[in-house]
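So this block is structure11.cif, mmCIF, C-alpha atoms and all ligand atoms:
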data_run
loop_
_atom_site.label_atom_id
_atom_site.label_comp_id
_atom_site.auth_asym_id
_atom_site.auth_seq_id
_atom_site.Cartn_x
_atom_site.Cartn_y
_atom_site.Cartn_z
CA MET A 1 -66.65 49.15 36.41
CA GLN A 2 -63.72 47.50 34.68
CA ASP A 3 -64.11 49.81 31.73
CA LYS A 4 -63.72 53.13 33.51
CA ARG A 5 -60.52 55.13 33.13
CA ARG A 6 -58.30 54.75 36.18
CA ILE A 7 -55.84 57.55 36.87
CA ILE A 8 -53.45 58.03 39.78
CA ALA A 9 -51.65 61.38 39.82
CA GLY A 10 -48.98 62.37 42.33
CA ASN A 11 -48.80 66.04 43.28
CA TRP A 12 -45.37 66.45 44.83
CA LYS A 13 -46.08 70.05 45.84
CA MET A 14 -42.91 71.86 47.02
CA TYR A 15 -41.00 68.66 47.80
CA LYS A 16 -38.04 66.96 46.07
CA THR A 17 -34.93 68.42 44.49
CA SER A 18 -34.42 67.33 40.91
CA LYS A 19 -32.08 64.51 41.99
CA GLU A 20 -34.58 63.26 44.55
CA ALA A 21 -37.37 63.49 42.01
CA VAL A 22 -35.47 61.41 39.46
CA ALA A 23 -34.67 58.83 42.14
CA LEU A 24 -38.34 58.65 43.10
CA VAL A 25 -39.47 58.01 39.53
CA GLN A 26 -36.74 55.42 38.99
CA GLY A 27 -37.66 53.71 42.24
CA LEU A 28 -41.29 53.69 41.18
CA GLU A 29 -40.48 52.10 37.84
CA ASP A 30 -38.47 49.35 39.55
CA LYS A 31 -41.10 48.75 42.18
CA LEU A 32 -43.96 48.51 39.77
CA ASP A 33 -42.05 46.18 37.50
CA ILE A 34 -43.55 48.21 34.79
CA LEU A 35 -45.98 46.54 32.45
CA THR A 36 -46.27 48.61 29.33
CA ASN A 37 -49.28 48.06 27.17
CA ASN A 38 -50.46 49.77 24.03
CA ASP A 39 -52.49 52.30 25.95
CA ASN A 40 -49.41 53.45 27.82
CA GLU A 41 -50.95 52.40 31.10
CA ILE A 42 -49.44 50.55 34.02
CA ASP A 43 -51.59 47.46 34.31
CA GLY A 44 -54.80 49.36 33.68
CA VAL A 45 -53.90 52.51 35.59
CA GLU A 46 -52.67 55.76 34.04
CA VAL A 47 -49.93 57.13 36.30
CA ILE A 48 -48.98 60.81 36.28
CA VAL A 49 -46.30 62.51 38.36
CA CYS A 50 -46.34 66.27 38.94
CA PRO A 51 -42.96 67.32 40.36
CA PRO A 52 -41.90 70.92 41.00
CA PHE A 53 -40.94 72.93 37.89
CA THR A 54 -37.23 72.60 38.75
CA ALA A 55 -37.38 68.81 38.46
CA LEU A 56 -39.30 68.60 35.17
CA LYS A 57 -36.24 68.94 33.00
CA SER A 58 -34.17 66.33 34.81
CA ILE A 59 -37.01 63.85 34.86
CA TYR A 60 -37.66 64.50 31.19
CA THR A 61 -33.98 64.18 30.26
CA VAL A 62 -33.16 61.14 32.32
CA LEU A 63 -36.33 59.14 31.97
CA TRP A 64 -38.43 60.36 29.12
CA GLN A 65 -36.01 59.37 26.39
CA ASP A 66 -37.36 55.82 26.70
CA LYS A 67 -40.97 56.95 27.01
CA PRO A 68 -41.85 54.95 30.10
CA PRO A 69 -45.55 54.77 30.78
CA ILE A 70 -45.39 57.23 33.64
CA LYS A 71 -46.67 60.56 32.37
CA LEU A 72 -45.40 63.99 33.29
CA GLY A 73 -47.42 66.88 34.66
CA ALA A 74 -46.70 70.31 36.15
CA GLN A 75 -48.33 71.90 39.18
CA ASP A 76 -49.23 75.26 37.64
CA VAL A 77 -48.88 77.31 34.46
CA PHE A 78 -49.23 80.96 33.43
CA TRP A 79 -51.69 81.93 30.69
CA GLU A 80 -49.36 83.85 28.33
CA ASP A 81 -46.95 82.13 25.92
CA GLU A 82 -44.10 84.51 26.81
CA GLY A 83 -43.47 88.00 28.12
CA ALA A 84 -42.26 90.10 31.03
CA TYR A 85 -43.83 88.01 33.80
CA THR A 86 -41.04 87.42 36.28
CA GLY A 87 -41.16 84.02 37.90
CA GLU A 88 -43.89 82.54 35.72
CA VAL A 89 -43.74 79.44 33.50
CA SER A 90 -45.64 79.29 30.22
CA PRO A 91 -47.49 76.44 28.54
CA LEU A 92 -44.94 76.55 25.70
CA MET A 93 -42.19 75.82 28.21
CA LEU A 94 -44.12 72.89 29.65
CA LYS A 95 -44.85 71.55 26.20
CA ASP A 96 -41.13 71.74 25.42
CA LEU A 97 -40.51 69.26 28.27
CA GLU A 98 -43.27 66.96 27.04
CA CYS A 99 -45.51 67.79 29.96
CA GLU A 100 -48.87 66.31 29.05
CA PHE A 101 -50.77 67.48 32.13
CA VAL A 102 -50.93 70.47 34.42
CA ILE A 103 -52.68 70.89 37.76
CA ILE A 104 -54.63 74.16 37.76
CA GLY A 105 -56.40 75.88 40.66
CA HIS A 106 -55.21 73.67 43.50
CA SER A 107 -56.70 74.95 46.78
CA GLU A 108 -53.21 75.82 48.03
CA ARG A 109 -52.78 78.16 45.06
CA ARG A 110 -56.23 79.64 45.64
CA THR A 111 -55.54 80.12 49.38
CA TYR A 112 -51.92 81.30 49.37
CA PHE A 113 -51.52 82.87 45.94
CA GLY A 114 -54.87 84.50 45.34
CA GLU A 115 -56.03 82.34 42.44
CA THR A 116 -59.66 82.79 41.46
CA ASP A 117 -62.03 81.03 39.10
CA GLU A 118 -61.14 83.73 36.53
CA THR A 119 -57.40 83.04 36.67
CA VAL A 120 -58.09 79.31 36.72
CA ASN A 121 -60.19 79.73 33.58
CA LYS A 122 -57.41 81.67 31.79
CA LYS A 123 -54.86 79.01 32.70
CA VAL A 124 -57.16 76.19 31.60
CA LYS A 125 -57.64 77.87 28.21
CA ALA A 126 -53.87 78.40 27.83
CA ALA A 127 -53.16 74.75 28.61
CA LEU A 128 -55.81 73.54 26.16
CA LYS A 129 -54.46 75.83 23.44
CA HIS A 130 -51.17 73.94 23.70
CA ARG A 131 -52.82 70.53 24.00
CA ILE A 132 -51.84 70.08 27.62
CA THR A 133 -54.54 68.38 29.70
CA PRO A 134 -55.66 70.50 32.67
CA ILE A 135 -56.27 68.75 35.98
CA MET A 136 -58.62 71.41 37.31
CA CYS A 137 -59.12 71.32 41.07
CA CYS A 138 -62.18 72.20 43.11
CA GLY A 139 -63.17 71.64 46.72
CA GLU A 140 -65.03 73.16 49.64
CA SER A 141 -63.78 74.29 53.05
CA LEU A 142 -64.97 72.72 56.29
CA GLU A 143 -67.11 75.80 57.04
CA GLN A 144 -68.83 75.54 53.67
CA ARG A 145 -69.48 71.84 54.21
CA GLU A 146 -70.92 72.45 57.70
CA VAL A 147 -73.39 75.07 56.51
CA GLY A 148 -74.51 72.95 53.56
CA GLU A 149 -72.88 75.04 50.82
CA THR A 150 -70.74 72.31 49.29
CA GLN A 151 -72.76 71.67 46.16
CA ALA A 152 -73.40 75.33 45.32
CA PHE A 153 -69.74 76.23 45.85
CA ILE A 154 -68.42 73.34 43.75
CA GLU A 155 -70.91 74.24 41.02
CA SER A 156 -69.60 77.83 40.94
CA GLN A 157 -66.00 76.61 40.72
CA ILE A 158 -66.77 74.19 37.88
CA LEU A 159 -68.81 76.73 35.90
CA GLY A 160 -66.26 79.50 36.51
CA GLY A 161 -63.28 77.35 35.56
CA THR A 162 -64.88 76.01 32.38
CA GLU A 163 -66.41 79.29 31.17
CA GLY A 164 -66.15 79.63 27.39
CA LEU A 165 -64.97 76.05 26.77
CA THR A 166 -66.58 73.76 24.21
CA ALA A 167 -67.57 70.11 24.45
CA GLY A 168 -64.54 69.42 22.23
CA ASP A 169 -62.24 71.07 24.78
CA MET A 170 -63.59 68.75 27.45
CA LYS A 171 -62.23 65.69 25.64
CA ARG A 172 -58.84 66.68 27.03
CA PHE A 173 -59.77 67.50 30.60
CA ILE A 174 -59.54 66.05 34.12
CA ILE A 175 -61.21 67.37 37.26
CA ALA A 176 -59.94 66.74 40.80
CA TYR A 177 -62.37 67.08 43.70
CA GLU A 178 -60.31 67.82 46.80
CA PRO A 179 -62.24 68.89 49.90
CA ILE A 180 -59.87 71.33 51.60
CA TRP A 181 -60.43 69.83 55.05
CA ALA A 182 -59.18 66.44 53.81
CA ILE A 183 -55.89 67.69 52.32
CA GLY A 184 -52.85 66.71 54.35
CA THR A 185 -54.98 66.14 57.45
CA GLY A 186 -55.32 62.36 57.47
CA LYS A 187 -59.12 62.86 57.37
CA THR A 188 -60.56 61.46 54.17
CA ALA A 189 -64.01 62.16 52.87
CA LEU A 190 -66.27 59.13 53.12
CA PRO A 191 -66.06 57.46 49.70
CA GLU A 192 -69.85 57.68 49.30
CA ASP A 193 -69.82 61.40 50.15
CA ALA A 194 -67.02 62.05 47.65
CA ASN A 195 -69.00 60.03 45.11
CA ASP A 196 -72.09 62.21 45.71
CA VAL A 197 -70.12 65.42 45.12
CA ILE A 198 -68.52 63.96 42.01
CA ARG A 199 -71.95 62.91 40.72
CA HIS A 200 -73.04 66.51 41.25
CA ILE A 201 -70.00 67.70 39.26
CA ARG A 202 -71.16 65.46 36.41
CA THR A 203 -74.64 67.02 36.59
CA VAL A 204 -73.08 70.48 36.35
CA LEU A 205 -70.96 69.37 33.38
CA ALA A 206 -74.07 67.92 31.71
CA SER A 207 -75.90 71.25 32.07
CA ARG A 208 -73.15 73.04 30.12
CA PHE A 209 -71.69 70.40 27.80
CA GLY A 210 -74.25 67.59 27.56
CA ASP A 211 -74.44 64.06 28.92
CA ASP A 212 -71.64 62.54 26.85
CA VAL A 213 -69.08 64.98 28.21
CA ALA A 214 -70.43 64.60 31.75
CA LYS A 215 -69.92 60.85 31.59
CA ALA A 216 -66.54 60.92 29.87
CA VAL A 217 -64.55 63.50 31.86
CA PRO A 218 -62.36 61.67 34.39
CA ILE A 219 -62.92 62.98 37.92
CA LEU A 220 -60.42 62.23 40.68
CA TYR A 221 -60.75 62.42 44.44
CA GLY A 222 -57.95 64.01 46.49
CA GLY A 223 -57.36 64.29 50.21
CA SER A 224 -55.33 61.90 52.41
CA VAL A 225 -55.44 59.04 49.91
CA LYS A 226 -53.29 56.06 50.93
CA GLY A 227 -52.68 52.48 49.83
CA GLY A 228 -55.17 51.36 52.46
CA ASN A 229 -58.12 53.49 51.33
CA ILE A 230 -57.73 53.90 47.55
CA ALA A 231 -59.70 50.74 46.74
CA ASP A 232 -62.75 52.11 48.58
CA PHE A 233 -62.69 55.24 46.42
CA MET A 234 -62.08 53.27 43.22
CA ALA A 235 -65.10 51.08 44.03
CA GLU A 236 -67.42 54.10 43.80
CA SER A 237 -69.25 54.50 40.52
CA GLU A 238 -68.28 58.09 39.68
CA ILE A 239 -64.64 58.17 40.83
CA ASN A 240 -61.88 57.61 38.24
CA GLY A 241 -58.88 57.81 40.53
CA ALA A 242 -56.97 60.04 42.88
CA LEU A 243 -54.75 63.09 43.09
CA VAL A 244 -52.31 62.15 45.82
CA GLY A 245 -50.11 64.49 47.87
CA GLY A 246 -48.11 63.18 50.83
CA ALA A 247 -48.37 59.48 49.98
CA SER A 248 -46.95 60.09 46.49
CA LEU A 249 -43.60 61.24 47.92
CA ASP A 250 -42.43 57.78 48.87
CA VAL A 251 -41.84 54.90 46.43
CA ASP A 252 -43.52 52.22 48.54
CA SER A 253 -46.60 54.19 49.50
CA PHE A 254 -47.17 55.55 45.98
CA ALA A 255 -46.65 52.10 44.43
CA ASP A 256 -49.18 50.66 46.91
CA ILE A 257 -51.78 53.19 45.82
CA ILE A 258 -51.19 52.39 42.14
CA LYS A 259 -51.42 48.63 42.74
CA ASN A 260 -54.56 48.94 44.82
CA ALA A 261 -56.24 51.20 42.26
CA ARG A 262 -56.46 48.42 39.70
P1 LIG A 301 -52.68 64.77 50.58
O1 LIG A 301 -52.77 63.49 49.80
O2 LIG A 301 -51.34 65.00 51.22
O3 LIG A 301 -53.82 64.93 51.53
O4 LIG A 301 -52.80 65.97 49.51
C1 LIG A 301 -53.84 65.95 48.60
C2 LIG A 301 -53.58 66.99 47.58
O5 LIG A 301 -53.61 68.18 47.86
C3 LIG A 301 -53.23 66.55 46.21
O6 LIG A 301 -53.27 67.60 45.32
#
For the file at hand, write its structure as structure tokens.
Amino acid sequence: MQDKRRIIAGNWKMYKTSKEAVALVQGLEDKLDILTNNDNEIDGVEVIVCPPFTALKSIYTVLWQDKPPIKLGAQDVFWEDEGAYTGEVSPLMLKDLECEFVIIGHSERRTYFGETDETVNKKVKAALKHRITPIMCCGESLEQREVGETQAFIESQILGGTEGLTAGDMKRFIIAYEPIWAIGTGKTALPEDANDVIRHIRTVLASRFGDDVAKAVPILYGGSVKGGNIADFMAESEINGALVGGASLDVDSFADIIKNAR
């Protein structure tokens, strides 16, 4: 499994002012004693940070001049390039700050802000149009898991979110499987259970885009990932890494996850 892509992405949610965010990235660089290689990876792991919109510019300005191998992502995007959409941020604006990634359809956005597979699909298409890699999230609730609906629900989210995309589009695509009951609760999915769901996601991708795409799309697990459990997830055959919330907010705990993901 040495050859699989390994990706650790930090979703900072609504935490960190821009000064705090810059300090966190700088601390991370120091702590990791960054090893740059030609693939722009940190010792075999691609590291992405997704701060709030308000911190993107300061991180870009202060740190991205030197192109360190930590990559920048946003937590959401609107689907139009510009217009009278008060409060929204467009893919053009993200591109302007060299954002290479954007989280789309996180369960918190679906739960609190009414996002649906249709809006997720529009946002995914807008990101791809501007060559920003979507990190498209999916995940079942505890109720769905308990009544055995996990696989059917995840399938509907994957098919809905990728409607109208081509196999070519999927070359620039990441999926995050985040069971809602594991987010911020300290309860992780069992690595083998997460692996089973992620294998199912690959089957769904194969049905629409073919086997090559299904094998190549990186799929992350998210939900209470820590330095002490990341290696168990990385050891599973289908899991390429993690989307980390709480434990990505602190230099030491995020650095531990990155080190243990190698
Ligand atoms: P936690 O790591 O805090 O459980 O959050 C996971 C998550 O929602 C990442 O997007």
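Interatomic distance, atom CA of Leu190 of chain A to atom CA of Gly223 of chain A: 10.7 Å.
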If you take all atoms listed in the file and a cut-off of 7 Å, which residues of chain A touch ligand LIG 301 (chain A), and what are their nearest atom pairs and distances in Å to one decimal, in chain and number order, as a Markdown table?
| residue | atom | partner | partner_atom | distance |
| --- | --- | --- | --- | --- |
| A:Asn11 | CA | A:LIG301 | O6 | 5.2 |
| A:His106 | CA | A:LIG301 | O6 | 6.6 |
| A:Glu178 | CA | A:LIG301 | O5 | 6.8 |
| A:Ala182 | CA | A:LIG301 | O3 | 6.0 |
| A:Ile183 | CA | A:LIG301 | O3 | 3.5 |
| A:Gly184 | CA | A:LIG301 | O3 | 3.5 |
| A:Thr185 | CA | A:LIG301 | O3 | 6.2 |
| A:Gly186 | CA | A:LIG301 | O3 | 6.6 |
| A:Gly222 | CA | A:LIG301 | C1 | 5.0 |
| A:Gly223 | CA | A:LIG301 | O3 | 3.8 |
| A:Ser224 | CA | A:LIG301 | O3 | 3.5 |
| A:Val225 | CA | A:LIG301 | O1 | 5.2 |
| A:Leu243 | CA | A:LIG301 | C3 | 4.9 |
| A:Val244 | CA | A:LIG301 | O1 | 4.2 |
| A:Gly245 | CA | A:LIG301 | O1 | 3.4 |
| A:Gly246 | CA | A:LIG301 | O2 | 3.7 |
| A:Ala247 | CA | A:LIG301 | O1 | 6.0 |
Option closest in space to Ser107 of chain A, from A:Ala84, A:Ala127, A:Ile201, A:Ile180 [counting only C-alpha atoms]: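 Nearest candidate to Ser107 of chain A out of A:Ala84, A:Ala127, A:Ile201, A:Ile180: A:Ile180.
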Atom CA of Val251 of chain A to atom CA of Leu24 of chain A measures 6.1 Å
Write out as a PyMOL selection string which residues come within 10 Å of Ala23 of chain A when counting all atoms listed in the file, dropping same-chain ones fewer than 6 positions away. chain A and resi 16-17+29+59+251
Contacts of Tyr60 of chain A within 9 Å, only C-alpha atoms, excl. fewer than 6 positions in-chain, as a PyMOL selection string: chain A and resi 72+97-99
Just write the chosen residues, C-alpha atoms, as a short mmCIF file (atom, residue, chain, number, x, y, z; two decimals), in the frame of the given file.
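This is the output file selection26.cif:
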data_model
loop_
_atom_site.label_atom_id
_atom_site.label_comp_id
_atom_site.auth_asym_id
_atom_site.auth_seq_id
_atom_site.Cartn_x
_atom_site.Cartn_y
_atom_site.Cartn_z
CA LEU A 72 -45.40 63.99 33.29
CA LEU A 97 -40.51 69.26 28.27
CA GLU A 98 -43.27 66.96 27.04
CA CYS A 99 -45.51 67.79 29.96
#
